[in-house]
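Structure data follow from protein17.csv (CSV, C-alpha atoms and all ligand atoms):
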chain,number,residue,atom,x,y,z
A,1,MET,CA,113.5,96.5,104.8
A,2,ALA,CA,114.7,98.4,107.9
A,3,ASN,CA,114.8,102.0,109.0
A,4,VAL,CA,118.4,103.0,109.6
A,5,GLY,CA,119.9,106.2,111.1
A,6,PHE,CA,123.5,106.7,109.8
A,7,ILE,CA,125.9,109.2,111.4
A,8,GLY,CA,129.3,110.0,109.9
A,9,LEU,CA,129.3,110.1,106.1
A,10,GLY,CA,133.0,110.4,105.3
A,11,ASN,CA,135.2,108.4,102.9
A,12,MET,CA,133.7,105.2,104.4
A,13,GLY,CA,130.3,106.1,105.8
A,14,GLY,CA,129.1,107.9,102.6
A,15,PRO,CA,129.4,104.8,100.3
A,16,MET,CA,128.2,102.5,103.1
A,17,ALA,CA,125.0,104.5,103.5
A,18,ALA,CA,124.5,104.6,99.7
A,19,ASN,CA,124.8,100.7,99.7
A,20,LEU,CA,122.1,100.5,102.3
A,21,VAL,CA,119.8,102.5,100.1
A,22,LYS,CA,120.6,100.1,97.2
A,23,GLY,CA,119.8,97.2,99.5
A,24,GLY,CA,116.3,98.6,99.9
A,25,HIS,CA,116.6,100.2,103.4
A,26,GLN,CA,115.2,103.6,104.4
A,27,VAL,CA,118.3,105.6,105.5
A,28,LYS,CA,118.2,108.8,107.5
A,29,VAL,CA,121.6,110.5,107.7
A,30,PHE,CA,123.6,113.1,109.6
A,31,ASP,CA,127.1,114.5,109.3
A,32,LEU,CA,128.7,117.8,110.3
A,33,ALA,CA,129.9,118.4,106.8
A,34,GLU,CA,127.3,119.9,104.3
A,35,VAL,CA,129.1,118.4,101.3
A,36,ALA,CA,128.8,114.9,102.8
A,37,LEU,CA,125.0,115.4,103.4
A,38,GLN,CA,124.5,116.5,99.8
A,39,ALA,CA,126.3,113.4,98.4
A,40,ALA,CA,124.1,111.2,100.7
A,41,LYS,CA,121.0,113.0,99.5
A,42,ASP,CA,122.0,112.4,95.9
A,43,ALA,CA,122.4,108.7,96.8
A,44,GLY,CA,118.8,108.5,98.0
A,45,CYS,CA,119.2,109.0,101.8
A,46,SER,CA,117.0,111.5,103.7
A,47,VAL,CA,118.9,114.2,105.5
A,48,ALA,CA,118.4,115.0,109.2
A,49,SER,CA,119.4,118.2,110.9
A,50,SER,CA,121.1,116.5,113.9
A,51,ALA,CA,122.3,113.1,115.1
A,52,ASN,CA,119.2,112.9,117.3
A,53,GLU,CA,116.9,113.5,114.5
A,54,ALA,CA,118.6,110.8,112.3
A,55,ALA,CA,118.2,108.3,115.1
A,56,GLN,CA,114.5,109.0,115.8
A,57,GLY,CA,112.1,106.1,115.1
A,58,VAL,CA,114.7,103.8,113.5
A,59,ASP,CA,115.5,100.1,114.0
A,60,PHE,CA,119.3,100.5,113.7
A,61,VAL,CA,121.7,103.4,114.4
A,62,ILE,CA,125.0,103.1,112.6
A,63,THR,CA,128.0,105.3,113.3
A,64,MET,CA,131.1,105.7,111.2
A,65,LEU,CA,133.1,108.4,113.0
A,66,PRO,CA,136.8,109.2,113.1
A,67,ALA,CA,137.9,108.3,116.7
A,68,ASP,CA,137.0,107.6,120.3
A,69,LYS,CA,136.0,111.2,121.3
A,70,HIS,CA,133.5,111.5,118.5
A,71,VAL,CA,131.8,108.2,119.3
A,72,GLU,CA,131.7,108.9,123.0
A,73,SER,CA,130.2,112.3,122.5
A,74,VAL,CA,127.6,111.2,119.9
A,75,TYR,CA,126.3,108.5,122.3
A,76,LEU,CA,127.1,109.6,125.8
A,77,GLY,CA,127.5,113.4,125.6
A,78,ASP,CA,125.0,115.9,127.1
A,79,LYS,CA,122.9,115.8,124.0
A,80,GLY,CA,123.9,112.2,123.3
A,81,LEU,CA,121.7,109.5,121.7
A,82,ILE,CA,121.5,107.7,125.0
A,83,HIS,CA,118.9,110.2,126.2
A,84,GLU,CA,116.7,109.6,123.1
A,85,LEU,CA,117.0,106.0,121.9
A,86,PRO,CA,114.2,103.5,122.7
A,87,SER,CA,115.4,100.1,123.9
A,88,SER,CA,114.2,98.5,120.6
A,89,THR,CA,117.1,100.2,118.7
A,90,LEU,CA,120.2,98.2,117.9
A,91,VAL,CA,123.3,100.5,117.9
A,92,ILE,CA,126.2,99.4,115.5
A,93,ASP,CA,129.4,101.4,115.8
A,94,CYS,CA,131.6,100.7,112.7
A,95,SER,CA,134.3,103.3,113.6
A,96,THR,CA,137.8,102.1,114.6
A,97,ILE,CA,138.2,103.1,118.2
A,98,SER,CA,139.7,101.6,121.4
A,99,ALA,CA,138.2,98.5,122.8
A,100,GLU,CA,138.0,100.4,126.1
A,101,THR,CA,135.7,103.1,124.7
A,102,ALA,CA,133.6,100.5,122.8
A,103,ARG,CA,133.0,98.7,126.1
A,104,LYS,CA,132.3,101.9,128.0
A,105,VAL,CA,129.7,103.0,125.3
A,106,GLY,CA,128.3,99.5,125.1
A,107,GLN,CA,127.9,99.1,128.9
A,108,THR,CA,126.4,102.5,129.4
A,109,LEU,CA,123.8,102.0,126.7
A,110,ALA,CA,123.1,98.4,128.0
A,111,ALA,CA,122.3,100.0,131.4
A,112,GLU,CA,119.5,101.9,129.7
A,113,GLY,CA,118.4,98.6,127.9
A,114,ILE,CA,119.8,99.6,124.5
A,115,SER,CA,121.8,96.9,122.6
A,116,PHE,CA,125.2,97.8,121.1
A,117,ILE,CA,127.8,96.0,119.0
A,118,ASP,CA,131.2,97.3,117.9
A,119,ALA,CA,131.6,96.4,114.2
A,120,PRO,CA,134.8,97.9,112.8
A,121,VAL,CA,135.6,97.1,109.2
A,122,SER,CA,138.4,96.0,106.9
A,123,GLY,CA,138.5,96.6,103.2
A,124,GLY,CA,139.1,100.3,102.8
A,125,VAL,CA,137.3,102.8,100.7
A,126,GLY,CA,137.2,100.4,97.7
A,127,GLY,CA,135.4,97.8,99.8
A,128,ALA,CA,133.0,100.4,101.2
A,129,LYS,CA,132.1,101.5,97.6
A,130,ALA,CA,131.8,97.9,96.3
A,131,GLY,CA,129.9,96.7,99.3
A,132,THR,CA,132.5,94.0,100.0
A,133,LEU,CA,133.7,95.1,103.5
A,134,THR,CA,134.6,92.6,106.2
A,135,PHE,CA,132.8,93.4,109.5
A,136,ILE,CA,134.6,92.3,112.7
A,137,CYS,CA,131.9,92.4,115.4
A,138,GLY,CA,131.9,92.3,119.2
A,139,GLY,CA,128.7,91.8,121.1
A,140,ASP,CA,126.3,89.2,122.1
A,141,THR,CA,125.4,86.6,119.4
A,142,ALA,CA,121.7,87.6,119.2
A,143,ALA,CA,122.7,91.3,118.6
A,144,VAL,CA,125.3,90.4,115.9
A,145,ASP,CA,122.8,88.1,114.2
A,146,ARG,CA,120.2,90.9,114.2
A,147,ALA,CA,122.8,93.3,112.7
A,148,ARG,CA,123.4,90.9,109.7
A,149,ASP,CA,120.2,92.2,108.1
A,150,VAL,CA,121.9,95.5,107.4
A,151,LEU,CA,125.6,94.6,107.4
A,152,GLN,CA,125.1,92.2,104.6
A,153,HIS,CA,124.3,95.1,102.2
A,154,MET,CA,127.6,96.8,103.0
A,155,GLY,CA,129.9,93.8,103.3
A,156,LYS,CA,130.7,90.2,102.2
A,157,ASN,CA,132.1,88.8,105.5
A,158,ILE,CA,130.6,89.2,108.9
A,159,PHE,CA,132.6,87.8,111.8
A,160,ARG,CA,131.8,87.7,115.5
A,161,ALA,CA,135.1,88.0,117.4
A,162,GLY,CA,133.6,87.8,120.9
A,163,ASP,CA,131.9,90.0,123.4
A,164,THR,CA,131.7,93.8,123.3
A,165,GLY,CA,135.1,95.4,122.4
A,166,ALA,CA,136.4,92.1,120.8
A,167,GLY,CA,135.7,93.4,117.3
A,168,GLN,CA,138.0,96.4,118.0
A,169,VAL,CA,140.7,94.1,119.4
A,170,ALA,CA,140.6,91.8,116.4
A,171,LYS,CA,140.7,94.8,114.0
A,172,ILE,CA,143.8,96.3,115.6
A,173,CYS,CA,145.6,92.9,115.7
A,174,ASN,CA,144.9,92.7,111.9
A,175,ASN,CA,146.1,96.2,111.2
A,176,MET,CA,149.2,95.8,113.3
A,177,LEU,CA,150.1,92.7,111.4
A,178,LEU,CA,149.4,94.5,108.1
A,179,SER,CA,151.7,97.4,109.0
A,180,VAL,CA,154.5,95.0,109.9
A,181,LEU,CA,154.1,93.2,106.5
A,182,MET,CA,154.0,96.5,104.7
A,183,VAL,CA,157.3,97.7,106.2
A,184,GLY,CA,159.0,94.4,105.7
A,185,THR,CA,157.9,94.2,102.1
A,186,SER,CA,159.0,97.7,101.5
A,187,GLU,CA,162.5,97.0,103.0
A,188,ALA,CA,163.0,93.9,101.0
A,189,LEU,CA,162.0,95.6,97.7
A,190,GLN,CA,164.3,98.6,98.4
A,191,LEU,CA,167.2,96.3,99.2
A,192,GLY,CA,166.7,94.4,95.9
A,193,ILE,CA,166.4,97.7,94.0
A,194,ALA,CA,169.6,99.1,95.6
A,195,HIS,CA,171.4,96.0,94.2
A,196,GLY,CA,170.0,96.6,90.7
A,197,LEU,CA,167.1,94.2,90.7
A,198,ASP,CA,163.9,94.9,88.8
A,199,PRO,CA,161.2,95.3,91.4
A,200,LYS,CA,158.7,93.5,89.2
A,201,VAL,CA,160.9,90.4,88.9
A,202,LEU,CA,161.8,90.5,92.6
A,203,SER,CA,158.1,90.8,93.5
A,204,GLU,CA,157.3,87.8,91.3
A,205,ILE,CA,160.1,85.7,92.9
A,206,MET,CA,159.1,86.5,96.5
A,207,SER,CA,155.3,86.0,95.7
A,208,LYS,CA,156.1,82.5,94.7
A,209,SER,CA,158.5,82.0,97.6
A,210,SER,CA,158.1,82.0,101.4
A,211,GLY,CA,158.0,85.8,101.6
A,212,SER,CA,154.6,85.9,99.9
A,213,ASN,CA,152.1,88.1,101.6
A,214,TRP,CA,149.1,90.4,100.9
A,215,THR,CA,151.1,93.7,100.7
A,216,LEU,CA,153.5,92.1,98.2
A,217,ASP,CA,150.9,90.1,96.2
A,218,VAL,CA,147.9,92.5,95.9
A,219,TYR,CA,149.0,95.9,97.3
A,220,ASN,CA,152.5,96.3,96.1
A,221,PRO,CA,154.1,99.4,97.6
A,222,CYS,CA,156.6,99.9,94.7
A,223,PRO,CA,155.3,102.3,91.9
A,224,GLY,CA,154.8,100.6,88.6
A,225,VAL,CA,154.8,97.0,89.8
A,226,MET,CA,151.0,96.7,89.7
A,227,ASP,CA,148.2,98.7,88.2
A,228,ASN,CA,145.2,100.0,90.2
A,229,VAL,CA,147.0,100.2,93.6
A,230,PRO,CA,147.8,103.5,95.4
A,231,SER,CA,151.6,103.2,94.8
A,232,SER,CA,150.9,103.5,91.0
A,233,ASN,CA,148.7,106.5,91.7
A,234,GLY,CA,151.0,108.8,93.6
A,235,TYR,CA,150.0,107.0,96.9
A,236,GLN,CA,146.5,108.5,96.7
A,237,GLY,CA,143.1,106.9,97.2
A,238,GLY,CA,143.8,104.2,99.8
A,239,PHE,CA,144.2,103.9,103.6
A,240,LEU,CA,145.9,107.0,105.0
A,241,VAL,CA,149.2,107.0,106.9
A,242,ASP,CA,147.4,109.0,109.6
A,243,LEU,CA,144.7,106.4,110.1
A,244,MET,CA,147.3,103.6,110.2
A,245,SER,CA,149.2,105.6,112.7
A,246,LYS,CA,146.0,106.0,114.8
A,247,ASP,CA,145.3,102.2,114.7
A,248,LEU,CA,148.8,101.4,115.7
A,249,GLY,CA,148.5,103.8,118.6
A,250,LEU,CA,145.4,101.8,119.7
A,251,ALA,CA,147.3,98.6,119.3
A,252,GLN,CA,150.1,99.9,121.6
A,253,GLN,CA,147.5,101.1,124.1
A,254,ALA,CA,145.9,97.7,124.2
A,255,ALA,CA,149.4,96.1,124.5
A,256,LEU,CA,150.2,98.2,127.5
A,257,ALA,CA,146.9,97.5,129.1
A,258,SER,CA,147.3,93.7,128.8
A,259,GLY,CA,151.1,93.4,129.1
A,260,ALA,CA,151.4,91.8,125.7
A,261,ALA,CA,154.8,92.1,124.0
A,262,THR,CA,154.5,93.9,120.6
A,263,PRO,CA,158.0,95.0,119.7
A,264,MET,CA,157.3,95.0,115.9
A,265,GLY,CA,154.0,96.8,116.4
A,266,GLY,CA,155.8,99.4,118.5
A,267,LEU,CA,158.4,99.9,115.8
A,268,THR,CA,155.9,100.3,113.0
A,269,HIS,CA,153.9,102.7,115.2
A,270,ASN,CA,157.0,105.0,115.5
A,271,LEU,CA,157.8,104.6,111.8
A,272,TYR,CA,154.3,105.6,110.7
A,273,ARG,CA,154.1,108.5,113.2
A,274,SER,CA,157.5,109.8,112.0
A,275,TRP,CA,156.4,109.5,108.3
A,276,SER,CA,153.3,111.5,109.1
A,277,GLN,CA,155.3,114.2,110.9
A,278,LEU,CA,157.5,114.5,107.8
A,279,GLY,CA,154.3,115.5,105.9
A,280,HIS,CA,153.0,112.2,104.5
A,281,GLY,CA,150.0,111.7,106.7
A,282,ARG,CA,147.4,112.1,103.9
A,283,GLU,CA,149.2,109.5,101.6
A,284,ASP,CA,148.3,105.8,101.4
A,285,PHE,CA,150.1,103.7,104.0
A,286,SER,CA,152.1,101.9,101.3
A,287,SER,CA,154.1,105.2,100.9
A,288,ILE,CA,156.2,104.0,103.8
A,289,PHE,CA,158.2,102.4,100.9
A,290,ASN,CA,159.8,105.8,100.4
A,291,PHE,CA,160.8,106.1,104.0
A,292,VAL,CA,163.0,103.0,103.8
A,293,LYS,CA,164.6,104.0,100.6
A,294,ALA,CA,168.3,103.2,100.4
A,295,ASN,CA,170.8,106.0,100.6
A,296,LYS,CA,173.1,105.7,97.6
A,297,LYS,CA,176.7,105.4,98.8
A,301,LIG,P1,136.4,110.5,107.4
A,301,LIG,O1,137.2,111.5,108.2
A,301,LIG,O2,136.5,110.6,105.9
A,301,LIG,O3,134.9,110.6,107.9
A,301,LIG,C1,134.4,110.9,109.2
A,301,LIG,C2,133.1,111.7,109.0
A,301,LIG,O4,132.6,111.8,110.3
A,301,LIG,C3,133.3,113.1,108.5
A,301,LIG,O5,132.5,113.3,107.4
A,301,LIG,C4,133.0,114.0,109.6
A,301,LIG,O6,132.4,115.2,109.2
A,301,LIG,C5,132.0,113.1,110.4
A,301,LIG,N1,131.8,113.5,111.8
A,301,LIG,C6,132.7,113.8,112.7
A,301,LIG,N2,132.2,114.1,113.9
A,301,LIG,C7,130.8,114.0,113.7
A,301,LIG,C8,129.7,114.2,114.6
A,301,LIG,N3,129.8,114.6,115.9
A,301,LIG,N4,128.5,114.1,114.0
A,301,LIG,C9,128.3,113.7,112.7
A,301,LIG,N5,129.3,113.5,111.9
A,301,LIG,C10,130.6,113.7,112.4
A,301,LIG,O7,136.9,109.1,108.0
A,301,LIG,P2,136.7,107.7,107.3
A,301,LIG,O8,137.9,107.4,106.4
A,301,LIG,O9,135.3,107.6,106.7
A,301,LIG,O10,136.9,106.7,108.5
A,301,LIG,C11,135.9,106.5,109.5
A,301,LIG,C12,136.3,105.4,110.5
A,301,LIG,O11,136.5,104.2,109.7
A,301,LIG,C13,137.6,105.7,111.2
A,301,LIG,O12,137.5,105.3,112.5
A,301,LIG,C14,138.6,104.9,110.4
A,301,LIG,O13,139.8,104.6,111.2
A,301,LIG,C15,137.8,103.7,110.0
A,301,LIG,N6,138.3,103.0,108.8
A,301,LIG,C16,138.7,103.8,107.7
A,301,LIG,C17,139.2,103.1,106.6
A,301,LIG,C18,139.7,103.9,105.3
A,301,LIG,O14,140.2,103.3,104.4
A,301,LIG,N7,139.4,105.2,105.2
A,301,LIG,C19,139.3,101.7,106.5
A,301,LIG,C20,138.8,101.0,107.7
A,301,LIG,C21,138.4,101.7,108.8

Would you mind writing the structure in this file as structure tokens?
Ligand code: NAD
Amino acid sequence: MANVGFIGLGNMGGPMAANLVKGGHQVKVFDLAEVALQAAKDAGCSVASSANEAAQGVDFVITMLPADKHVESVYLGDKGLIHELPSSTLVIDCSTISAETARKVGQTLAAEGISFIDAPVSGGVGGAKAGTLTFICGGDTAAVDRARDVLQHMGKNIFRAGDTGAGQVAKICNNMLLSVLMVGTSEALQLGIAHGLDPKVLSEIMSKSSGSNWTLDVYNPCPGVMDNVPSSNGYQGGFLVDLMSKDLGLAQQAALASGAATPMGGLTHNLYRSWSQLGHGREDFSSIFNFVKANKK
């Protein structure tokens, strides 16, 4: 049993903290939103009045925050945790942020003797609730091994991608590929539909052919083809277009920094940004299916 400080209790962080309690850990939480704190209290967490209070006297600090600026300010800001944490604490940041910021936070904490790993996740809100997330870690092997004590109660797979920042790189590579597959699957289904094919039949054919992929087989973007996926629920309750758009922006930033060629990633970034600007940012990312709908001649 460990003492854990958990900061950021949104769609992902809330259920993750609840699973730590179920795993037998003592969890002290903080979020800016009162409603998130109340839900965590109901799940058995103790509520702190600031991030610093949540991080006091704990073995692990876990953050699950929206983006770079939030992570940087919680750790390195004027009142940041860096000024408070003892060197015995292991910091685990599960937010999806740039590898650059992860390295900056990790190196600045390391200069004060505090260990840090980046541990972004895959598996969405469903995986956070079920405790089946995949953690994609960056940091030294000893720190990642130490983190397994708590990560195993929130996820099923724990990978070490490499040194600090490597978890974030692997995460955006995965999401860039996912977006390309989602757009391609949507286009293929819409083309078939435009020619009078039944999307269920077409999906089955492609699933058993060389076009088979995760977005077609288990997360089909066409409403009515599958039960229990966002497309059959008005594109609610999945991974937001705005979050995919953010991750694709991080992928493009990483591509520019390294000179990697990512033409498909660049295209899907623009498609998701445009789809968001048309008012679909709060829908699941499979709603891009409607963006590539055929115009009837
Ligand atoms: P969210 O917006 O639901 O939750 C973020 C929480 O952080 C909010 O409750 C907010 O009040 C809190 N917060 C912001 N600044 C804070 C601060 N300074 N101190 C304390 N609390 C603060 O976001 P989410 O969907 O939980 O996503 C969190 C991270 O996980 C993001 O980086 C996202 O890209 C990543 N992620 C999300 C999913 C998904 O399906 N939602 C999947 C994988 C990864």

Practice task
Rank A:Asn174, A:Ser274, A:Asn52, A:Asn11 by their smallest atom-to-atom distance to Lys28 in chain A, using only C-alpha atoms, and report the top residue only.
Solution key: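 Looking only at the distances to Lys28 in chain A, the closest residue turns out to be A:Asn52.
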
Practice task
List the neighbours of Phe60 in chain A out to 9 Å using only C-alpha atoms; skip same-chain residues closer than 2 positions along the sequence, and give me the result as a PyMOL selection string.
Solution key: chain A and resi 2-6+55+58+62+88-92+147+150

Handout entry: Residue with smallest distance to Ser50 in chain A - pool A:Asp31, A:Asp68, A:Asp198, A:Glu100, counting all atoms listed in the file
Key =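 Looking at the shortest contact to Ser50 in chain A, the residue is A:Asp31.
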
Exercise for the section: Please identify the residues whose atoms come within 8 Å of ligand LIG 301 (chain A), using all atoms listed in the file, and report them as a ChimeraX atom specification. Expected result: /A:7-14,30-33,36,50-51,64-67,70-71,73-74,94-97,120-126,238-240,243-244,246-247

Exercise for the section: For CA of Asp284 in chain A and CA of Ile117 in chain A, determine how far apart the two atoms are, in Å to one decimal place. Expected result: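 Separation of CA of Asp284 in chain A and CA of Ile117 in chain A: 28.7 Å.
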
Handout entry: Nearest to Asn19 in chain A, chosen from A:Ala43, A:Leu76, A:Leu267, A:Ala294, with all atoms listed in the file counted in the distances
Key = A:Ala43

Practice task
Find, counting only C-alpha atoms, the residue in A:Pro15, A:Leu256, A:Gly113, A:Ser49 that gets nearest to Leu133 in chain A.
Solution key: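 Distance minimum relative to Leu133 in chain A lands on A:Pro15.
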
Handout entry: Close residues, Asn290 in chain A itself excluded, 12 Å, all atoms listed in the file, min 2 positions apart in chain, as an MDAnalysis selection string
Key = chainID A and resid 182:183 185:187 189:190 221:223 231 234:235 271:272 275 278 280 283:288 292:295

Problem - Nearest candidate to Ser46 in chain A (options A:Thr215, A:Ser245, A:Thr63, A:Gln26; using only C-alpha atoms) - result: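 Result for the nearest residue to Ser46 in chain A: A:Gln26.
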
Exercise for the section: Report the distance between CA of Gly131 in chain A and CA of Leu248 in chain A in Å, rounded to one decimal place. Expected result: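 That distance, rounded to one decimal, is 25.5 Å.
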
Problem - One-decimal distance in Å that lies between CA of Asp163 in chain A and CA of Ala17 in chain A - result: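 Taking CA of Ala17 in chain A and CA of Asp163 in chain A, their separation equals 25.6 Å.
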
Fill in the blank from the handout: Judged by all atoms listed in the file, the minimum distance to Arg103 in chain A among A:Gly211, A:Gly139, A:Gly127, A:Gly279 is found for A:Gly139

Exercise for the section: For Asp145 in chain A, work out the shell of residues within 10 Å, counting all atoms listed in the file and skipping chain neighbours fewer than 5 positions away, then give it as a PyMOL selection string. Expected result: chain A and resi 139-140+151+158+160

So that I have them on file, write out the residues from the current selection with C-alpha atoms, as an mmCIF file, in the frame of the given file.
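Full text of selection_8.cif as output:
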data_model
loop_
_atom_site.group_PDB
_atom_site.id
_atom_site.type_symbol
_atom_site.label_atom_id
_atom_site.label_comp_id
_atom_site.auth_asym_id
_atom_site.auth_seq_id
_atom_site.Cartn_x
_atom_site.Cartn_y
_atom_site.Cartn_z
ATOM 1 C CA GLY A 139 128.700 91.800 121.100
ATOM 2 C CA ASP A 140 126.300 89.200 122.100
ATOM 3 C CA LEU A 151 125.600 94.600 107.400
ATOM 4 C CA ILE A 158 130.600 89.200 108.900
ATOM 5 C CA ARG A 160 131.800 87.700 115.500
#
